[in-house]
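Report on the structure given below.
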Number of protein chains: 2
Amino acid sequence: MIILDGKKTAQDLKEEIKISVASIRENNQRPPHLAAVIVGNDGASLTYVGSKVRSCEYVGFDSTLIQLEESTTEETLLEKIKELNQDANLDGYIVQLPLPKHIDEEKILLAIDPTKDVDGFHPSNFGRMALEMDAFIPATPFGIIELLERYKIETSGKHCVVVGRSHIVGRPISILMSQKGSAGNATVTVAHSRTENLANLTRNADIVVMALGIPEFLTADMVKEGAVIIDVGITRVSDDRHPKGYVIKGDVAFDEVSSKSSYITPVPGGVGPMTIAMLLKNTLLAYQRKL
Amino acid sequence: MIILDGKKTAQDLKEEIKISVASIRENNQRPPHLAAVIVGNDGASLTYVGSKVRSCEYVGFDSTLIQLEESTTEETLLEKIKELNQDANLDGYIVQLPLPKHIDEEKILLAIDPTKDVDGFHPSNFGRMALEMDAFIPATPFGIIELLERYKIETSGKHCVVVGRSHIVGRPISILMSQKGSAGNATVTVAHSRTENLANLTRNADIVVMALGIPEFLTADMVKEGAVIIDVGITRVSDDRHPKGYVIKGDVAFDEVSSKSSYITPVPGGVGPMTIAMLLKNTLLAYQRKL
């Protein structure tokens, strides 16, 4: 059994991006520039955005953090987005979700210039991805593809079961893995809350991608010997024995499933750390496509 | 075994659209207006476009046929598209494929205003469909959904195997059938040329959608008793016994598979006739969304 080390892989990727940026700077060109917009004071969102900004600094990107008050109107946010769309010195930006309830997330999303949409959430990017054109791929599925590639895991002709059909994980990863190309050509099944006899499906899968959000849902009896297990779940579970009062659990009962698997991502330290690295990669791609 | 009669269902749909148009005209409003652009003199394309125009007339739409010479440049075609995008009296239009080789199809497709893209081929529409926003759904998968709905075929929780991953049939139907909603909530597997042990997959499927383009590929031993069979294949096979010198074959060996199935689409007369009806429906939707 081999652990798919997302933390190390993400670090490798950051080092590679750092080298690209250094060479850009050596040529006296401006470095890639990512902006992050956050509305309100949600603790988890602030932590996450802060970590994105620090990663930008680490690899040598320019970064801009735009903090707007909780009471910001939809109109003001749309104004700001218009400004970011027009800023020639900005390659990509993200609008941290969730937004306050008085703002229509879909309206905001659709206002983002798709060529700067490094989160890959705009329908134009989703469609381009599905139709095999150049696109920005959302960070989580992009990170899974990167992990599969770097560990040289064979996907062609394999049966992959994706559990979960969300717009940002289940749906895109199912499309990417069944397309032609690297980490692709798999026979992919999308399962979800309405699926009957799920265990029977996962037991026959060569690769299982869990993106359900139910802690330790996938147990050893649900997987076949030698399966590849990708765990996208991240749920806080109360635990008094830990100083924080909780532990982070994935969708996979790691201890029992890992011994049956050939490759498995841990939680934390698997898919999670890959997401910020892929956001940086998308920003570099946005920069390069502009040239 | 029940035959899914696409010819009759398409006719029913046309009658319904005809009634909607009559009521629009009674209110002294202009009717929906569809334009079709064809470049060159390909016989099959001309026949197909002609049939679309006649269907428009039948339901009471305004229609415009724009025939351009084979030698038309990409620039001239892009000019024409710009004109159609700006025409306030035009609700939707299609550019008949294939285009002559000197014209970049992707460039043309991307130039079409997504709000007039009644073929649903623009990435913006594809992405909107996949992300469950209002969109134009390509005619063939839209026609399959319509057939499943009208025959009240249960899809929720059922295992559906889609054979083929094309941008205009396999991929979109697999997404639609696994989304929430009518004719949805199925557990969907996408199989393709790289799939190993396909017969094993189709034998366990409650619903099989064949969109491969190989005549009579699906045989009785590959399906389970009571399965629902949707056949998207349309291939001309030489046959001297027929006056035309060929017969149209689907991807399903109809005679042997039909007796095992619960519902099955014939070829011709199944999915095929639905496509023009769905193009008309998309044009009516474009008209209604504009109001």
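FYI, nothing fancy with the structure tokens labels: chains A, B, ... in order, residues from 1 per chain, ligands from 1 as they appear.
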Name all residues at most 12 Å from A:Asn282 (count only C-alpha atoms; drop same-chain ones fewer than 6 positions away) and give them as an MDAnalysis selection string.
-> chainID A and resid 13 17 32:34 56 91:94 115:120 134:140 142:143 275:276 288:289
Do you know which residues are at most 8 Å from B:Asn185 counting only C-alpha atoms, after dropping those on the same chain fewer than 4 positions away, and could you put them as JSON, numbers by chain?
-> {"A": [194, 195], "B": [155, 156, 157, 158, 177, 178, 179, 180, 181]}
Export of the given selection (N, CA and C atoms) as an mmCIF file, in the first residue's frame:
data_model
loop_
_atom_site.group_PDB
_atom_site.id
_atom_site.type_symbol
_atom_site.label_atom_id
_atom_site.label_comp_id
_atom_site.auth_asym_id
_atom_site.auth_seq_id
_atom_site.Cartn_x
_atom_site.Cartn_y
_atom_site.Cartn_z
ATOM 1 N N ARG A 194 -29.079 8.889 -4.445
ATOM 2 C CA ARG A 194 -30.165 8.052 -4.937
ATOM 3 C C ARG A 194 -29.702 6.693 -5.453
ATOM 4 N N THR A 195 -28.394 6.480 -5.452
ATOM 5 C CA THR A 195 -27.862 5.218 -5.976
ATOM 6 C C THR A 195 -28.284 4.033 -5.111
ATOM 7 N N THR B 155 -36.234 6.393 -13.876
ATOM 8 C CA THR B 155 -34.773 6.423 -13.996
ATOM 9 C C THR B 155 -34.102 6.559 -12.624
ATOM 10 N N SER B 156 -34.834 7.086 -11.648
ATOM 11 C CA SER B 156 -34.246 7.352 -10.324
ATOM 12 C C SER B 156 -33.701 6.068 -9.692
ATOM 13 N N GLY B 157 -32.420 6.090 -9.335
ATOM 14 C CA GLY B 157 -31.794 4.942 -8.680
ATOM 15 C C GLY B 157 -31.434 3.811 -9.627
ATOM 16 N N LYS B 158 -31.851 3.935 -10.898
ATOM 17 C CA LYS B 158 -31.541 2.877 -11.864
ATOM 18 C C LYS B 158 -30.104 3.012 -12.356
ATOM 19 N N MET B 177 -28.880 12.542 -17.121
ATOM 20 C CA MET B 177 -29.558 11.441 -16.448
ATOM 21 C C MET B 177 -29.070 11.233 -15.017
ATOM 22 N N SER B 178 -27.911 11.788 -14.676
ATOM 23 C CA SER B 178 -27.454 11.611 -13.295
ATOM 24 C C SER B 178 -27.750 12.832 -12.426
ATOM 25 N N GLN B 179 -28.278 13.906 -13.036
ATOM 26 C CA GLN B 179 -28.680 15.076 -12.248
ATOM 27 C C GLN B 179 -30.012 14.822 -11.558
ATOM 28 N N LYS B 180 -30.315 15.708 -10.606
ATOM 29 C CA LYS B 180 -31.637 15.653 -9.987
ATOM 30 C C LYS B 180 -32.685 16.015 -11.022
ATOM 31 N N GLY B 181 -33.907 15.604 -10.787
ATOM 32 C CA GLY B 181 -35.001 16.026 -11.662
ATOM 33 C C GLY B 181 -35.528 14.932 -12.542
#
Determine, counting only C-alpha atoms, which protein, DNA and RNA residues have an atom within 6 Å of an atom of stretch 265-268 of chain A; residues of the same chain fewer than 4 positions away are not included. Present the result as an NGL selection string.
-> :A and (3-4 or 230-231 or 250)
For A:Asp206: contacts at 10 Å, only C-alpha atoms, fewer than 5 positions along chain excluded, given as a tab-separated table (two decimals) with N, CA and C atoms, in the first residue's frame:
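And here's out.tsv as it stands now:
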chain	number	residue	atom	x	y	z
A	154	GLU	N	-2.30	3.90	-13.29
A	154	GLU	CA	-2.98	3.57	-14.56
A	154	GLU	C	-4.49	3.77	-14.40
A	155	THR	N	-5.06	4.57	-15.29
A	155	THR	CA	-6.51	4.79	-15.25
A	155	THR	C	-7.20	4.26	-16.51
A	157	GLY	N	-8.99	2.31	-19.13
A	157	GLY	CA	-9.72	1.04	-19.13
A	157	GLY	C	-10.15	0.59	-17.74
A	158	LYS	N	-9.71	1.30	-16.70
A	158	LYS	CA	-10.08	0.93	-15.34
A	158	LYS	C	-11.50	1.40	-15.02
A	159	HIS	N	-12.15	0.74	-14.10
A	159	HIS	CA	-13.47	1.18	-13.69
A	159	HIS	C	-13.34	2.07	-12.46
A	160	CYS	N	-13.76	3.31	-12.62
A	160	CYS	CA	-13.68	4.28	-11.54
A	160	CYS	C	-15.09	4.63	-11.07
A	161	VAL	N	-15.34	4.53	-9.78
A	161	VAL	CA	-16.63	4.94	-9.23
A	161	VAL	C	-16.42	6.23	-8.44
A	186	ALA	N	-10.69	6.26	-18.27
A	186	ALA	CA	-11.32	5.31	-17.35
A	186	ALA	C	-12.80	5.16	-17.72
A	187	THR	N	-13.38	4.02	-17.33
A	187	THR	CA	-14.83	3.84	-17.41
A	187	THR	C	-15.38	4.38	-16.09
A	223	VAL	N	-14.78	-2.25	-0.56
A	223	VAL	CA	-13.76	-2.08	-1.60
A	223	VAL	C	-13.10	-3.41	-1.93
A	224	LYS	N	-12.58	-3.49	-3.16
A	224	LYS	CA	-11.91	-4.73	-3.51
A	224	LYS	C	-10.42	-4.62	-3.21
A	225	GLU	N	-9.80	-5.75	-3.06
A	225	GLU	CA	-8.37	-5.84	-2.79
A	225	GLU	C	-7.60	-5.12	-3.90
A	226	GLY	N	-6.71	-4.22	-3.52
A	226	GLY	CA	-5.85	-3.57	-4.52
A	226	GLY	C	-6.44	-2.32	-5.15
A	227	ALA	N	-7.58	-1.86	-4.67
A	227	ALA	CA	-8.21	-0.66	-5.25
A	227	ALA	C	-7.41	0.60	-4.92
A	228	VAL	N	-7.57	1.60	-5.79
A	228	VAL	CA	-7.00	2.93	-5.54
A	228	VAL	C	-8.09	3.77	-4.88
A	229	ILE	N	-7.78	4.41	-3.76
A	229	ILE	CA	-8.81	5.14	-3.00
A	229	ILE	C	-8.42	6.63	-2.90
A	261	SER	N	-6.06	-1.47	0.12
A	261	SER	CA	-5.86	-0.66	-1.08
A	261	SER	C	-4.44	-0.76	-1.63
A	262	SER	N	-4.27	-0.39	-2.90
A	262	SER	CA	-2.92	-0.31	-3.47
A	262	SER	C	-2.36	1.10	-3.26
Identify every residue of chain A that has at least one atom within 6 Å of any atom of chain B, counting only C-alpha atoms, and report the result as a VMD selection string.
-> chain A and resid 123 to 124 126 to 128 157 187 to 191 194 to 196
Writing out the chosen residues with N, CA and C atoms as a PDB file, in the first residue's frame:
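After the write, selection_0.pdb holds the following:
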ATOM      1  N   PRO A 123     -19.519  28.810 -15.827  1.00  0.00           N
ATOM      2  CA  PRO A 123     -20.007  27.790 -16.772  1.00  0.00           C
ATOM      3  C   PRO A 123     -19.211  27.724 -18.072  1.00  0.00           C
ATOM      4  N   SER A 124     -18.685  28.864 -18.502  1.00  0.00           N
ATOM      5  CA  SER A 124     -17.891  28.846 -19.722  1.00  0.00           C
ATOM      6  C   SER A 124     -16.655  27.950 -19.548  1.00  0.00           C
ATOM      7  N   PHE A 126     -16.403  25.502 -17.303  1.00  0.00           N
ATOM      8  CA  PHE A 126     -16.879  24.127 -17.131  1.00  0.00           C
ATOM      9  C   PHE A 126     -17.161  23.497 -18.492  1.00  0.00           C
ATOM     10  N   GLY A 127     -17.852  24.263 -19.346  1.00  0.00           N
ATOM     11  CA  GLY A 127     -18.179  23.761 -20.676  1.00  0.00           C
ATOM     12  C   GLY A 127     -16.931  23.504 -21.508  1.00  0.00           C
ATOM     13  N   ARG A 128     -15.978  24.431 -21.445  1.00  0.00           N
ATOM     14  CA  ARG A 128     -14.733  24.252 -22.204  1.00  0.00           C
ATOM     15  C   ARG A 128     -14.003  22.985 -21.740  1.00  0.00           C
ATOM     16  N   GLY A 157      -8.987   2.306 -19.132  1.00  0.00           N
ATOM     17  CA  GLY A 157      -9.725   1.038 -19.125  1.00  0.00           C
ATOM     18  C   GLY A 157     -10.154   0.590 -17.738  1.00  0.00           C
ATOM     19  N   THR A 187     -13.377   4.024 -17.333  1.00  0.00           N
ATOM     20  CA  THR A 187     -14.830   3.842 -17.415  1.00  0.00           C
ATOM     21  C   THR A 187     -15.375   4.378 -16.094  1.00  0.00           C
ATOM     22  N   VAL A 188     -16.125   5.469 -16.164  1.00  0.00           N
ATOM     23  CA  VAL A 188     -16.482   6.159 -14.920  1.00  0.00           C
ATOM     24  C   VAL A 188     -17.976   6.076 -14.609  1.00  0.00           C
ATOM     25  N   THR A 189     -18.275   5.707 -13.377  1.00  0.00           N
ATOM     26  CA  THR A 189     -19.649   5.696 -12.876  1.00  0.00           C
ATOM     27  C   THR A 189     -19.794   6.790 -11.822  1.00  0.00           C
ATOM     28  N   VAL A 190     -20.855   7.600 -11.955  1.00  0.00           N
ATOM     29  CA  VAL A 190     -21.153   8.596 -10.930  1.00  0.00           C
ATOM     30  C   VAL A 190     -22.276   8.064 -10.042  1.00  0.00           C
ATOM     31  N   ALA A 191     -21.971   7.892  -8.755  1.00  0.00           N
ATOM     32  CA  ALA A 191     -22.975   7.450  -7.786  1.00  0.00           C
ATOM     33  C   ALA A 191     -23.322   8.626  -6.879  1.00  0.00           C
ATOM     34  N   ARG A 194     -29.079   8.889  -4.445  1.00  0.00           N
ATOM     35  CA  ARG A 194     -30.165   8.052  -4.937  1.00  0.00           C
ATOM     36  C   ARG A 194     -29.702   6.693  -5.453  1.00  0.00           C
ATOM     37  N   THR A 195     -28.394   6.480  -5.452  1.00  0.00           N
ATOM     38  CA  THR A 195     -27.862   5.218  -5.976  1.00  0.00           C
ATOM     39  C   THR A 195     -28.284   4.033  -5.111  1.00  0.00           C
ATOM     40  N   GLU A 196     -28.759   2.984  -5.783  1.00  0.00           N
ATOM     41  CA  GLU A 196     -29.132   1.765  -5.062  1.00  0.00           C
ATOM     42  C   GLU A 196     -27.934   0.817  -5.037  1.00  0.00           C
TER      43      GLU A 196
END
Alpha helix (DSSP H) per DSSP on the backbone: members of stretch 91-130 of chain B, as a PyMOL selection string | chain B and resi 105-111+123-130
Interatomic distance, atom CA of B:Glu74 to atom CA of A:Asp113 (Å, one decimal) |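 It comes out at 26.1 Å.
Atom pair atom CA of B:Lys249 / atom CA of B:Leu97: separated by 21.8 Å.
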What separation in Å, quoted to one decimal, exists between atom CA of A:Arg203 and atom CA of A:Met222?
->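 Answer for the atom CA of A:Arg203 to atom CA of A:Met222 separation: 5.1 Å.
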Tell me which protein, DNA and RNA residues are within 9 Å of A:Phe217, counting only C-alpha atoms, leaving out same-chain ones fewer than 5 positions away, and put them as a PyMOL selection string.
-> chain A and resi 210+212+250-253
May I have all residues of stretch 74-242 of chain B that DSSP, computed from the backbone, assigns to strand (DSSP E or B), given as a VMD selection string?
-> chain B and resid 92 to 95 117 159 to 163 187 to 191 207 to 210 218 228 to 231 235 to 238
Non-local contacts of B:Pro31 (12 Å; only C-alpha atoms; under 3 positions in same chain excluded) as a list in words |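 Listing them by chain and then by number gives Ile17, Lys18, Ile19, Ser20, Val21, Ala22, Ser23, Ile24, Arg25, Glu26, Asn27, Asn28, Leu34, Cys56, Glu57, Val59, Gly60, Phe61, Asp62, Ser63, Asn89, Leu90, Asp91, Thr283, Leu284, Ala286, Tyr287 and Gln288 of chain B.
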Leaving out A:Ser71 and any residue of its chain fewer than 2 positions from it, which residues lie within 9 Å of it when counting only C-alpha atoms, given as a PyMOL selection string?
-> chain A and resi 39-40+68-69+73+100+102
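Using only C-alpha atoms, the smallest distance between any of A:Leu279, A:Val257, A:Leu291, A:Leu218 and A:Ala88 comes from A:Leu291.
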